[in-house]
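Heads up, the thing below is written out as structure tokens.
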Amino acid sequence: MNITYRQVTYFRALAAQRHFGRAAEMVNVSQPALSVQIREMEAQLGKPLVERQSRDVVLTPFGRRILEHAERVHQEMQALEEAARWEGGLSGRLRLGIIPTLAPYLLPDTLEMLRSRDISLDVQVLEGKTARLLADLQAGHLDAAVVALPVEETGLHAEDLFEDRFLLAGSPARIAALGARVESLRPDALVTSPLLLLEDGHCLTEQALELCHLGRGQSGQSGRASGGSAGRIDMGASSLATLTRLVAAGFGLTLMPELAAPTECRAAPGVELCRFAVPEPGRRIALVRRKGTQGGDWFAELAQVLRDVGERLVMATREPPHAIG
């Protein structure tokens with residue numbers, strides 16, 4: 001028996017697409033070439049892998065069992081390629097994922113530092129929400145991802161990088177309306193204030209709701225900011241930049257990561273920021289990889305670069321201690 005890795009790759013694509021034409025496009029070959037390889041694989045195994053229907057392809061029971069083996073073969077081949085690629089440390093090509101509430105603020109200095117260490121390093125960046133990044137990481141489409149903890153998915157290793165504390169952001173009038181509470185402000189005190197958050201799917205939204213002891217049952221219509229009733233939560237902004245401008249216009253308050261504070265305050269001068277009382281709420285930022293991926297020098301090097309950049313940026317926001325902007 002002589003089953004090739006090419007045939008395994010084509011079979012995985014066919015199982016995913018359930019169509020010979022789409023599977024051929026997925027692996028960048030002609031449809032006849034893919035069909036020939038699948039038939040040869042079936043001939044080697046002695047049983048059909050798929051049922052060929054007019055508009056669909058369905059795996060046979062035997063095909064489903066073979067797909068399980070094909071997935072394991074694919075994972076082992078990925079581990080083999082990664083071991084060879086990262087043997088010399090952080091070099092060659094790096095496929096890095098990062099969440100949107102970190103990317104605009106952490107990436108510029110990180111990429112500059114990485115390229116100053118190795119000008120030939122090819123960094124391919126994917127910005128996306130946590131769920132997508134972790135799925136792409138587990139599927140082997142990414143080498144590592146920068147996300148906020150916790151990471152609860154199995155099969156992943158998270159390296160803690162730095163703390164990104166939350167600040168309270170609002171117009172001067174909104175902040176002033178809090179009165180003496182500002183000096184002893186805690187996130188759960190915002191339950192009586194209009195709160196603006198990012199749309200569903202952002203981990204920052206989940207963290208804000210948890211910190212403020214709020215549930216989705218208290219939220220307003222997604223995508224509509226309002227200065228109306230106290231305690232209203234509006235989720236719909238797709239970026240911190242949009243959220244900051246709504247806050248600057250007086251529509252409500254929000255939690256601002258200190259990593260984003262300098263950039264967003266420059267872009268929206270009408271925003272006032274203040275710190276919460278100690279212990280200040282925040283999020284832990286981590287670099288995540290698959291446990292099956294070789295850690296070694298490349299992962300440690302990347303983590304240290306991100307840690308150095310992140311700590312420097314957040315420390316720049318911590319003076320003076322109670323007010324920024």
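Here, A, B, ... name the chains of the structure tokens in the order displayed, residue numbers run from 1 inside each chain, and ligands are numbered from 1 in the same displayed order.
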
(message) Please list as a ChimeraX atom specification every residue within 9 Å of A:Leu302, counting only C-alpha atoms and excluding residues in the same chain fewer than 4 positions away.
(response) /A:90,114,287,297-298,306-307

What would the file look like if the residues just selected were written as a PDB file, in the first residue's frame with C-alpha atoms?
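For reference, result.pdb as written:
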```pdb
ATOM      1  CA  LEU A  90      12.349  33.252  15.199  1.00  0.00           C
ATOM      2  CA  LEU A 114      10.914  42.130  15.132  1.00  0.00           C
ATOM      3  CA  LEU A 287       0.655  34.698  23.576  1.00  0.00           C
ATOM      4  CA  ASP A 297      13.516  29.754  21.093  1.00  0.00           C
ATOM      5  CA  TRP A 298      11.106  31.211  18.535  1.00  0.00           C
ATOM      6  CA  LEU A 306       5.538  41.416  22.884  1.00  0.00           C
ATOM      7  CA  ARG A 307       6.090  41.642  26.644  1.00  0.00           C
TER       8      ARG A 307
END
```

(request) Might you pull out every residue within 10 Å of A:Glu264, with only C-alpha atoms counted and same-chain residues fewer than 3 positions away left off, and present them as a list in words? (result) Tyr105, Leu240, Ala241, Thr242, Leu243, Thr244, Arg245, Met256, Glu258, Leu259, Ala260, Ala261, Ala267, Ala268, Pro269 and Val271 of chain A

Same residues, C-alpha atoms, saved as a tab-separated table (two decimals), in the first residue's frame:
```tsv
chain	number	residue	atom	x	y	z
A	105	TYR	CA	-1.71	49.72	19.59
A	240	LEU	CA	-12.51	51.11	20.04
A	241	ALA	CA	-12.08	54.10	17.71
A	242	THR	CA	-15.84	54.26	17.07
A	243	LEU	CA	-16.62	53.65	20.72
A	244	THR	CA	-14.30	56.46	21.82
A	245	ARG	CA	-15.94	58.97	19.51
A	256	MET	CA	-10.88	51.84	27.96
A	258	GLU	CA	-4.82	51.65	28.98
A	259	LEU	CA	-2.90	50.22	26.02
A	260	ALA	CA	-5.35	52.03	23.72
A	261	ALA	CA	-5.68	55.22	25.79
A	267	ALA	CA	-7.91	61.02	18.03
A	268	ALA	CA	-10.81	62.13	20.23
A	269	PRO	CA	-9.65	65.05	22.41
A	271	VAL	CA	-12.58	62.16	26.01
```

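Candidate residues A:Asp118, A:Thr4, A:Gly292, A:Gly270 were compared for distance to A:Gln44, and the nearest is A:Thr4, using only C-alpha atoms.
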
(message) Give me the residues near A:Ser239 as a ChimeraX atom specification, where near means some atom within 9 Å (using only C-alpha atoms) and where sequence neighbours in that chain fewer than 6 positions away do not count.
(response) /A:100-101,198-199

For the residues in that selection, give me C-alpha atoms as a CSV table (one decimal), in the first residue's frame.
```
chain,number,residue,atom,x,y,z
A,100,PRO,CA,-8.7,44.0,17.4
A,101,THR,CA,-8.5,45.7,20.8
A,198,LEU,CA,-18.2,46.8,21.6
A,199,GLU,CA,-20.4,44.4,19.7
```

(request) Please measure the separation of atom CA of A:Met1 and atom CA of A:Gly140, giving the value in Å to one decimal. (result) 28.0 Å

(request) Apply DSSP to the structure's backbone, then extract all residues of stretch 124-312 of chain A labelled strand (DSSP E or B) and return them as an MDAnalysis selection string. (result) chainID A and resid 124:127 144:148 156:170 195:198 219 233:237 253:257 272:275 282:290

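Our summary of the geometry notes that atom CA of A:Gln138 is positioned 12.1 Å from atom CA of A:His74.
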